[in-house]
>>> print(open('model25.cif').read())   # mmCIF, C-alpha atoms
data_work
#
loop_
_atom_site.label_atom_id
_atom_site.label_comp_id
_atom_site.auth_asym_id
_atom_site.auth_seq_id
_atom_site.Cartn_x
_atom_site.Cartn_y
_atom_site.Cartn_z
CA MET A 1 0.00 0.00 0.00
CA GLY A 2 1.21 3.55 -0.64
CA PHE A 3 1.39 6.40 1.87
CA LYS A 4 3.35 9.54 2.68
CA LEU A 5 6.51 9.30 4.75
CA SER A 6 8.11 12.43 6.11
CA GLY A 7 11.73 13.06 5.17
CA PHE A 8 11.49 11.57 1.67
CA GLU A 9 11.00 13.71 -1.38
CA GLY A 10 9.82 12.44 -4.73
CA GLY A 11 8.82 8.96 -5.80
CA LYS A 12 6.37 6.65 -4.12
CA VAL A 13 6.65 5.08 -0.69
CA GLU A 14 5.32 1.60 -0.06
CA LYS A 15 5.19 -0.42 3.12
CA HIS A 16 5.52 -4.21 3.13
CA GLU A 17 6.10 -6.77 5.83
CA MET A 18 9.24 -8.05 4.15
CA VAL A 19 11.67 -6.81 1.50
CA ILE A 20 14.05 -9.26 -0.16
CA ILE A 21 16.99 -7.85 -2.09
CA GLY A 22 18.45 -10.12 -4.74
CA SER A 23 16.97 -12.38 -7.41
CA GLY A 24 19.36 -15.32 -7.48
CA PRO A 25 18.51 -18.75 -6.04
CA ALA A 26 18.70 -17.40 -2.46
CA GLY A 27 16.41 -14.43 -3.01
CA LEU A 28 13.82 -16.24 -5.11
CA THR A 29 13.67 -19.23 -2.77
CA ALA A 30 13.26 -16.85 0.16
CA ALA A 31 10.38 -15.20 -1.70
CA ILE A 32 8.72 -18.56 -2.36
CA TYR A 33 8.88 -19.54 1.32
CA ALA A 34 7.89 -16.10 2.57
CA VAL A 35 4.75 -15.74 0.45
CA ARG A 36 3.73 -19.30 1.27
CA GLY A 37 4.16 -18.33 4.90
CA GLY A 38 1.58 -15.58 4.43
CA ALA A 39 3.88 -12.54 4.39
CA ASP A 40 3.41 -9.45 2.25
CA VAL A 41 6.65 -9.62 0.26
CA ILE A 42 8.36 -7.47 -2.32
CA LEU A 43 11.58 -8.56 -4.00
CA VAL A 44 14.02 -6.05 -5.44
CA GLY A 45 15.62 -8.08 -8.19
CA GLY A 46 17.86 -5.60 -9.97
CA TYR A 47 18.26 -4.83 -13.65
CA SER A 48 20.57 -7.83 -14.05
CA SER A 49 18.36 -10.37 -12.37
CA GLY A 50 19.04 -14.03 -11.80
CA GLY A 51 22.45 -14.00 -10.14
CA GLN A 52 25.53 -15.86 -11.38
CA LEU A 53 23.48 -18.68 -12.88
CA MET A 54 22.65 -16.28 -15.70
CA LEU A 55 26.30 -16.67 -16.75
CA THR A 56 26.22 -20.47 -16.63
CA SER A 57 25.40 -22.50 -19.71
CA GLU A 58 24.05 -25.88 -18.55
CA VAL A 59 23.30 -26.84 -14.95
CA GLU A 60 23.53 -30.56 -14.17
CA ASN A 61 23.70 -30.56 -10.38
CA PHE A 62 20.47 -28.87 -9.29
CA PRO A 63 18.09 -31.50 -7.85
CA GLY A 64 14.90 -32.25 -9.75
CA PHE A 65 16.29 -31.95 -13.28
CA PRO A 66 17.39 -35.32 -14.67
CA GLU A 67 18.47 -33.60 -17.88
CA PRO A 68 20.78 -30.55 -17.90
CA ILE A 69 18.98 -27.21 -17.74
CA LEU A 70 20.33 -23.87 -18.89
CA GLY A 71 21.17 -21.51 -16.04
CA PRO A 72 18.90 -18.70 -17.32
CA GLU A 73 16.04 -21.18 -17.78
CA LEU A 74 16.41 -22.44 -14.21
CA MET A 75 16.25 -18.88 -12.90
CA LYS A 76 13.24 -18.14 -15.12
CA ARG A 77 11.40 -21.07 -13.57
CA MET A 78 12.28 -20.01 -10.03
CA ARG A 79 10.98 -16.54 -10.78
CA GLN A 80 7.76 -17.87 -12.32
CA GLN A 81 7.17 -19.99 -9.23
CA ALA A 82 7.70 -17.04 -6.90
CA GLU A 83 5.38 -14.81 -8.94
CA ARG A 84 2.70 -17.47 -9.22
CA LEU A 85 2.62 -17.71 -5.44
CA GLY A 86 2.22 -13.93 -5.13
CA ALA A 87 5.67 -12.39 -4.78
CA GLN A 88 6.01 -8.92 -6.29
CA ILE A 89 9.31 -8.50 -8.14
CA ILE A 90 10.86 -5.18 -9.11
CA ASP A 91 13.43 -5.30 -11.90
CA LYS A 92 15.39 -2.31 -10.66
CA ASP A 93 18.51 -1.90 -8.54
CA ALA A 94 18.41 -1.02 -4.86
CA THR A 95 20.41 2.19 -4.54
CA GLU A 96 20.35 2.74 -0.78
CA ILE A 97 19.54 0.74 2.34
CA ASN A 98 18.89 2.36 5.73
CA LEU A 99 19.10 0.02 8.70
CA ALA A 100 19.49 2.77 11.30
CA GLU A 101 15.74 3.19 11.79
CA ARG A 102 12.78 0.87 12.04
CA PRO A 103 11.02 0.08 9.86
CA PHE A 104 13.96 -0.46 7.53
CA LYS A 105 14.11 1.52 4.30
CA VAL A 106 15.23 0.41 0.85
CA LYS A 107 15.62 3.05 -1.83
CA VAL A 108 15.01 1.89 -5.41
CA GLU A 109 15.81 4.85 -7.64
CA ASP A 110 13.22 7.46 -6.61
CA ASP A 111 10.95 5.06 -4.76
CA THR A 112 11.21 3.88 -1.17
CA TYR A 113 10.12 0.54 0.25
CA ILE A 114 9.90 0.13 4.01
CA ALA A 115 9.55 -3.12 5.91
CA GLU A 116 9.80 -4.66 9.35
CA THR A 117 12.25 -7.28 8.12
CA LEU A 118 14.81 -7.56 5.31
CA ILE A 119 16.52 -10.48 3.63
CA LEU A 120 19.84 -9.58 2.02
CA ALA A 121 20.56 -11.91 -0.91
CA MET A 122 22.62 -9.73 -3.26
CA GLY A 123 25.17 -12.47 -3.86
CA ALA A 124 28.82 -12.12 -4.76
CA SER A 125 30.45 -11.30 -8.04
CA ALA A 126 33.37 -13.30 -9.39
CA ARG A 127 36.44 -11.15 -9.71
CA GLU A 128 37.21 -10.86 -13.40
CA LEU A 129 40.42 -10.52 -15.36
CA GLY A 130 39.03 -7.43 -17.07
CA LEU A 131 39.76 -8.55 -20.62
CA PRO A 132 37.33 -7.81 -23.49
CA SER A 133 37.87 -11.37 -24.73
CA GLU A 134 36.90 -12.67 -21.28
CA ARG A 135 33.47 -11.05 -21.57
CA LYS A 136 33.10 -12.40 -25.12
CA PHE A 137 33.55 -16.01 -24.02
CA LYS A 138 31.56 -16.01 -20.77
CA GLY A 139 29.54 -19.22 -20.85
CA LYS A 140 31.39 -20.24 -24.02
CA GLY A 141 34.52 -21.63 -22.44
CA VAL A 142 35.14 -19.08 -19.69
CA SER A 143 33.82 -20.13 -16.30
CA TYR A 144 34.08 -18.97 -12.71
CA CYS A 145 32.99 -22.24 -11.09
CA ALA A 146 34.75 -25.56 -11.73
CA VAL A 147 32.20 -27.59 -9.77
CA CYS A 148 29.39 -26.05 -11.83
CA ASP A 149 30.94 -26.40 -15.28
CA GLY A 150 33.84 -28.84 -15.05
CA MET A 151 31.98 -31.80 -16.59
CA PHE A 152 31.48 -29.86 -19.82
CA PHE A 153 35.24 -30.11 -20.37
CA LYS A 154 35.65 -33.82 -19.75
CA ASN A 155 38.84 -35.18 -21.36
CA MET A 156 39.77 -31.70 -22.61
CA ASP A 157 42.69 -29.38 -21.85
CA VAL A 158 41.81 -26.48 -19.58
CA ALA A 159 43.50 -23.60 -17.75
CA VAL A 160 42.95 -22.35 -14.21
CA ILE A 161 43.85 -18.73 -13.49
CA GLY A 162 44.94 -18.03 -9.91
CA GLY A 163 47.07 -19.38 -7.08
CA GLY A 164 44.91 -19.29 -3.96
CA ASP A 165 42.88 -21.98 -2.23
CA THR A 166 39.96 -21.82 -4.65
CA ALA A 167 42.19 -22.00 -7.73
CA ILE A 168 44.09 -25.03 -6.47
CA GLU A 169 40.93 -26.75 -5.23
CA ASP A 170 39.46 -26.27 -8.70
CA ALA A 171 42.64 -27.50 -10.38
CA ILE A 172 42.58 -30.69 -8.29
CA TYR A 173 38.89 -31.19 -9.03
CA LEU A 174 39.35 -30.61 -12.77
CA ALA A 175 42.34 -32.96 -12.88
CA LYS A 176 39.92 -35.84 -12.23
CA ILE A 177 37.80 -34.86 -15.22
CA CYS A 178 40.02 -33.15 -17.76
CA ASN A 179 42.91 -34.36 -19.85
CA SER A 180 45.21 -31.65 -18.49
CA VAL A 181 45.02 -28.61 -16.25
CA THR A 182 47.43 -25.69 -16.66
CA VAL A 183 47.57 -23.36 -13.67
CA ILE A 184 48.51 -19.80 -14.63
CA HIS A 185 49.81 -17.76 -11.69
CA ARG A 186 51.11 -14.21 -11.56
CA ARG A 187 53.71 -15.04 -8.89
CA ASP A 188 56.46 -17.62 -8.46
CA LYS A 189 54.70 -19.52 -5.68
CA LEU A 190 51.16 -20.41 -4.69
CA ARG A 191 49.15 -18.81 -1.91
CA ALA A 192 47.08 -21.96 -1.30
CA GLN A 193 47.41 -24.05 1.84
CA ALA A 194 50.50 -26.27 1.93
CA VAL A 195 48.53 -29.51 2.01
CA MET A 196 46.62 -28.51 -1.12
CA GLN A 197 49.80 -27.47 -2.89
CA LYS A 198 51.39 -30.83 -2.13
CA ARG A 199 48.42 -32.66 -3.56
CA ALA A 200 48.32 -30.52 -6.70
CA PHE A 201 52.05 -30.93 -7.33
CA SER A 202 51.65 -34.71 -7.05
CA LEU A 203 49.08 -34.95 -9.85
CA PRO A 204 50.75 -35.67 -13.20
CA ASN A 205 48.17 -33.86 -15.35
CA ILE A 206 48.46 -30.52 -13.50
CA LYS A 207 51.21 -28.24 -14.76
CA PHE A 208 52.15 -24.75 -13.59
CA VAL A 209 53.13 -21.62 -15.48
CA TRP A 210 54.73 -19.13 -13.09
CA ASN A 211 55.10 -15.33 -13.15
CA THR A 212 52.59 -15.18 -15.95
CA GLU A 213 49.31 -13.43 -16.68
CA VAL A 214 46.65 -13.96 -19.32
CA VAL A 215 46.52 -11.15 -21.88
CA GLU A 216 43.92 -12.56 -24.27
CA ILE A 217 41.47 -15.44 -24.57
CA VAL A 218 41.45 -16.69 -28.14
CA GLY A 219 38.77 -18.38 -30.22
CA ASP A 220 36.00 -17.98 -32.74
CA SER A 221 32.62 -19.01 -31.32
CA LYS A 222 34.21 -20.71 -28.31
CA VAL A 223 37.52 -20.78 -26.46
CA GLU A 224 40.43 -22.34 -28.35
CA GLY A 225 43.38 -21.06 -26.32
CA ILE A 226 44.96 -18.27 -24.31
CA LYS A 227 47.78 -15.82 -24.88
CA VAL A 228 49.93 -15.34 -21.79
CA LYS A 229 52.77 -12.96 -20.97
CA ASN A 230 55.69 -13.68 -18.69
CA ARG A 231 55.84 -10.79 -16.19
CA ILE A 232 59.65 -10.96 -15.97
CA THR A 233 60.69 -11.42 -19.61
CA ASN A 234 57.53 -9.93 -21.24
CA GLU A 235 57.56 -12.90 -23.61
CA VAL A 236 54.10 -13.71 -25.01
CA SER A 237 53.18 -17.33 -25.73
CA TYR A 238 50.09 -19.31 -26.70
CA ILE A 239 48.55 -22.22 -24.78
CA PRO A 240 45.80 -24.25 -26.49
CA VAL A 241 42.90 -24.95 -24.11
CA LYS A 242 39.16 -25.45 -24.46
CA GLY A 243 38.20 -24.03 -21.08
CA VAL A 244 39.40 -21.18 -18.88
CA PHE A 245 38.49 -21.17 -15.19
CA VAL A 246 39.03 -17.75 -13.58
CA ASP A 247 39.73 -18.21 -9.87
CA ILE A 248 41.07 -14.88 -8.65
CA GLY A 249 38.47 -14.39 -5.95
CA HIS A 250 34.93 -13.20 -5.40
CA VAL A 251 33.62 -9.85 -4.26
CA PRO A 252 30.52 -9.99 -2.01
CA ASN A 253 27.94 -7.38 -2.95
CA THR A 254 27.79 -5.79 0.49
CA MET A 255 28.46 -2.19 -0.55
CA LEU A 256 24.98 -0.95 0.41
CA VAL A 257 25.15 -2.35 3.95
CA GLU A 258 28.83 -1.88 4.78
CA GLY A 259 29.03 -0.01 8.07
CA GLN A 260 25.46 -0.97 8.96
CA VAL A 261 25.80 -4.71 9.54
CA GLU A 262 28.83 -6.57 10.80
CA LEU A 263 31.00 -8.00 8.02
CA THR A 264 33.80 -10.53 8.03
CA GLU A 265 37.38 -9.63 7.23
CA ASN A 266 36.66 -10.46 3.57
CA LYS A 267 33.54 -8.23 3.50
CA TYR A 268 30.99 -11.07 3.63
CA ILE A 269 28.03 -10.63 5.96
CA LYS A 270 28.79 -12.17 9.34
CA LEU A 271 26.05 -14.56 10.36
CA TYR A 272 24.63 -15.11 13.82
CA GLY A 273 22.91 -18.47 13.90
CA GLU A 274 21.88 -19.77 10.49
CA THR A 275 20.88 -16.54 8.73
CA GLY A 276 20.76 -13.77 11.35
CA THR A 277 22.95 -10.68 11.15
CA SER A 278 24.17 -8.18 13.72
CA VAL A 279 20.95 -6.20 13.14
CA LYS A 280 17.84 -7.81 14.55
CA GLY A 281 15.25 -8.32 11.84
CA VAL A 282 17.83 -8.37 9.04
CA PHE A 283 18.72 -11.75 7.60
CA ALA A 284 21.19 -12.86 4.92
CA ALA A 285 21.30 -15.77 2.50
CA GLY A 286 23.41 -17.07 -0.35
CA ASP A 287 26.81 -16.00 -1.61
CA ILE A 288 26.70 -12.64 0.17
CA ALA A 289 27.23 -14.59 3.40
CA ASP A 290 28.84 -17.78 2.08
CA PRO A 291 32.41 -17.65 0.75
CA VAL A 292 32.83 -21.44 0.96
CA TYR A 293 30.22 -23.41 -1.00
CA ARG A 294 28.92 -20.93 -3.61
CA GLN A 295 26.42 -23.36 -5.11
CA ALA A 296 22.89 -22.69 -6.34
CA VAL A 297 21.48 -25.45 -4.16
CA THR A 298 23.18 -24.20 -0.98
CA ALA A 299 22.08 -20.63 -1.73
CA ALA A 300 18.51 -21.83 -2.20
CA GLY A 301 18.69 -23.70 1.10
CA MET A 302 19.90 -20.57 2.88
CA GLY A 303 17.11 -18.60 1.24
CA ALA A 304 14.54 -20.98 2.68
CA LYS A 305 16.11 -20.69 6.14
CA ALA A 306 16.22 -16.89 5.93
CA ALA A 307 12.55 -16.72 5.00
CA LEU A 308 11.54 -19.01 7.85
CA ASP A 309 13.64 -16.97 10.27
CA ALA A 310 12.12 -13.73 8.98
CA LEU A 311 8.59 -15.15 9.29
CA ARG A 312 9.29 -16.07 12.91
CA TYR A 313 10.58 -12.56 13.52
CA LEU A 314 7.39 -11.07 12.07
CA GLN A 315 5.32 -13.33 14.28
CA GLU A 316 7.27 -12.18 17.33
CA ILE A 317 6.51 -8.55 16.44
CA LYS A 318 2.80 -9.29 16.07
CA GLU A 319 2.67 -11.08 19.41
CA LYS A 320 4.17 -8.01 21.13
CA GLU A 321 1.63 -5.62 19.64
#
>>> encode(input="model25.cif", output="structure tokens")
Amino acid sequence: MGFKLSGFEGGKVEKHEMVIIGSGPAGLTAAIYAVRGGADVILVGGYSSGGQLMLTSEVENFPGFPEPILGPELMKRMRQQAERLGAQIIDKDATEINLAERPFKVKVEDDTYIAETLILAMGASARELGLPSERKFKGKGVSYCAVCDGMFFKNMDVAVIGGGDTAIEDAIYLAKICNSVTVIHRRDKLRAQAVMQKRAFSLPNIKFVWNTEVVEIVGDSKVEGIKVKNRITNEVSYIPVKGVFVDIGHVPNTMLVEGQVELTENKYIKLYGETGTSVKGVFAAGDIADPVYRQAVTAAGMGAKAALDALRYLQEIKEKE
């Protein structure tokens, strides 16, 4: 419902019981559970809705789909389910979040949505190399998740970019599937844990290229190889591969709540219990609070938990009135 709220100029102001921010698996699952729980819910999905699955070609590991399903199609179905149940979805970006006052306020361009409880599900963005050719081949040989996409490169030669825990974990995982894995690292030694390094070095089909960075991803309609430059000699060489896994880190999308909720050292939302945050009534789900698993199914599970926790919180408020 719309009404006037002092202190805000321009745009409409709407009040809802719950606002969910984010339209990936966590946000949409939270919406499904929340509306089924009887809450008045609005979901701020963003202009680029759907989360990281929109960058994934085929998904084989989401339960309930015996045949592979395209990432965008899976997100389309999740959205349709949420909307069928009654969730309102806004395809605009949240531009400001105010957690200092209750009810909480979410600014979406000129409009303001206020609610007694929020679910933060804005996800995390894979850190990119920043190459034009990288953008060209997203979903066509360039991936940011070995567990998600590794099987598409079975018995092929692939490259892993990075030298931290995630990169080496992915290299070890891919070594079981792929013909060969070439790890490209900017330094002369890895940053991964010693036990993981030892395991990677012991695998015969993992090779390492040190002091080197990728300067171009090469191919026509799909990846065929990479051009790399040695950072010491400046020599440029070509490595033929069919897949490129970029593992240089993720950036949680916590910019709008930084300084308002407690974050971890790596800027992920710090959880209290399963989905609670340092602000009572504010819950978090998915990759914005999970730097470890980063899977659609785990994000969806967290979304369900966050919705159930938020519904309990709303019930507590009603019982006190």
>>> atom_distance(input="model25.cif", atom1="CA of Tyr113 in chain A", atom2="CA of Gly259 in chain A")
20.5 Å
>>> residues_near_point(input="model25.cif", point="(26.4, -11.9, 2.0)", cutoff="8 Å", atoms="all atoms listed in the file", output="list in words")
Leu120, Ala121, Met122, Gly123, Ala124, Pro252, Asn253, Thr254, Tyr268, Ile269, Lys270, Ala284, Ala285, Gly286, Asp287, Ile288, Ala289 and Asp290 of chain A
>>> atom_distance(input="model25.cif", atom1="CA of Asn205 in chain A", atom2="CA of Pro68 in chain A")
27.7 Å
>>> resolve_selection(input="model25.cif", expression="the PyMOL selection byres ((chain A and resi 45) around 9)", output="PDB file with C-alpha atoms, in the coordinates of the input")
ATOM      1  CA  ILE A  20      14.050  -9.260  -0.160  1.00  0.00           C
ATOM      2  CA  ILE A  21      16.990  -7.850  -2.090  1.00  0.00           C
ATOM      3  CA  GLY A  22      18.450 -10.120  -4.740  1.00  0.00           C
ATOM      4  CA  SER A  23      16.970 -12.380  -7.410  1.00  0.00           C
ATOM      5  CA  GLY A  24      19.360 -15.320  -7.480  1.00  0.00           C
ATOM      6  CA  GLY A  27      16.410 -14.430  -3.010  1.00  0.00           C
ATOM      7  CA  LEU A  28      13.820 -16.240  -5.110  1.00  0.00           C
ATOM      8  CA  LEU A  43      11.580  -8.560  -4.000  1.00  0.00           C
ATOM      9  CA  VAL A  44      14.020  -6.050  -5.440  1.00  0.00           C
ATOM     10  CA  GLY A  46      17.860  -5.600  -9.970  1.00  0.00           C
ATOM     11  CA  TYR A  47      18.260  -4.830 -13.650  1.00  0.00           C
ATOM     12  CA  SER A  48      20.570  -7.830 -14.050  1.00  0.00           C
ATOM     13  CA  SER A  49      18.360 -10.370 -12.370  1.00  0.00           C
ATOM     14  CA  GLY A  50      19.040 -14.030 -11.800  1.00  0.00           C
ATOM     15  CA  ILE A  89       9.310  -8.500  -8.140  1.00  0.00           C
ATOM     16  CA  ILE A  90      10.860  -5.180  -9.110  1.00  0.00           C
ATOM     17  CA  ASP A  91      13.430  -5.300 -11.900  1.00  0.00           C
ATOM     18  CA  LYS A  92      15.390  -2.310 -10.660  1.00  0.00           C
ATOM     19  CA  ASP A  93      18.510  -1.900  -8.540  1.00  0.00           C
ATOM     20  CA  ALA A  94      18.410  -1.020  -4.860  1.00  0.00           C
ATOM     21  CA  MET A 122      22.620  -9.730  -3.260  1.00  0.00           C
TER      22      MET A 122
END
>>> closest_residue(input="model25.cif", among="A:Ala34, A:Gly150, A:Gly162, A:Leu74", to="His250 in chain A", atoms="all atoms listed in the file")
A:Gly162
>>> resolve_selection(input="model25.cif", expression="the PyMOL selection byres ((chain A and resi 185) around 9)", output="VMD selection string")
chain A and resid 160 to 163 183 to 184 186 to 190 208 to 213
>>> residues_around(input="model25.cif", residues="Leu256 in chain A", least_positions_apart="5", cutoff="8 Å", atoms="only C-alpha atoms", output="mmCIF file with C-alpha atoms, in the frame of the given file")
data_model
loop_
_atom_site.group_PDB
_atom_site.id
_atom_site.type_symbol
_atom_site.label_atom_id
_atom_site.label_comp_id
_atom_site.auth_asym_id
_atom_site.auth_seq_id
_atom_site.Cartn_x
_atom_site.Cartn_y
_atom_site.Cartn_z
ATOM 1 C CA THR A 95 20.410 2.190 -4.540
ATOM 2 C CA GLU A 96 20.350 2.740 -0.780
ATOM 3 C CA ILE A 97 19.540 0.740 2.340
#
>>> closest_residue(input="model25.cif", among="A:Lys280, A:Ile248, A:Ala82, A:Ile42", to="Ile317 in chain A", atoms="all atoms listed in the file")
A:Lys280
>>> residues_around(input="model25.cif", residues="Glu60 in chain A", least_positions_apart="2", cutoff="9 Å", atoms="all atoms listed in the file", output="list in words")
Glu58, Phe62, Pro63, Phe65, Pro66, Glu67, Pro68, Ile69, Leu70, Cys148, Asp149 and Met151 of chain A
>>> atom_distance(input="model25.cif", atom1="CA of Val292 in chain A", atom2="CA of Thr166 in chain A")
9.1 Å
>>> residues_around(input="model25.cif", residues="Tyr313 in chain A", least_positions_apart="6", cutoff="10 Å", atoms="only C-alpha atoms", output="MDAnalysis selection string")
chainID A and resid 116:117 280:282 307 319
>>> write_last_selection(input="model25.cif", atoms="C-alpha atoms", output="compact mmCIF listing (two decimals), in the frame of the given file")
# COMPACT_ATOMS: atom_id res chain seq x y z
CA GLU A 116 9.80 -4.66 9.35
CA THR A 117 12.25 -7.28 8.12
CA LYS A 280 17.84 -7.81 14.55
CA GLY A 281 15.25 -8.32 11.84
CA VAL A 282 17.83 -8.37 9.04
CA ALA A 307 12.55 -16.72 5.00
CA GLU A 319 2.67 -11.08 19.41
>>> resolve_selection(input="model25.cif", expression="the PyMOL selection byres ((chain A and resi 220) around 12)", output="ChimeraX atom specification")
/A:133,136-137,140-141,217-219,221-225,242
>>> residues_near_point(input="model25.cif", point="(46.5, -35.3, -21.2)", cutoff="9 Å", atoms="only C-alpha atoms", output="list in words")
Asn155, Met156, Asp157, Cys178, Asn179, Ser180, Val181 and Asn205 of chain A
>>> closest_residue(input="model25.cif", among="A:Arg191, A:Arg79, A:Arg199, A:Lys12", to="Val106 in chain A", atoms="all atoms listed in the file")
A:Lys12
>>> residues_around(input="model25.cif", residues="Thr275 in chain A", least_positions_apart="5", cutoff="8 Å", atoms="only C-alpha atoms", output="VMD selection string")
chain A and resid 283 to 285 302 305 to 306 309
>>> residues_around(input="model25.cif", residues="Phe245 in chain A", least_positions_apart="4", cutoff="7 Å", atoms="all atoms listed in the file", output="list in words")
Val142, Ser143, Tyr144, Cys145, Ala146, Ala159, Val160 and Ile161 of chain A
>>> closest_residue(input="model25.cif", among="A:Thr182, A:Gln81, A:Thr112, A:Asn234", to="Ala30 in chain A", atoms="only C-alpha atoms")
A:Gln81
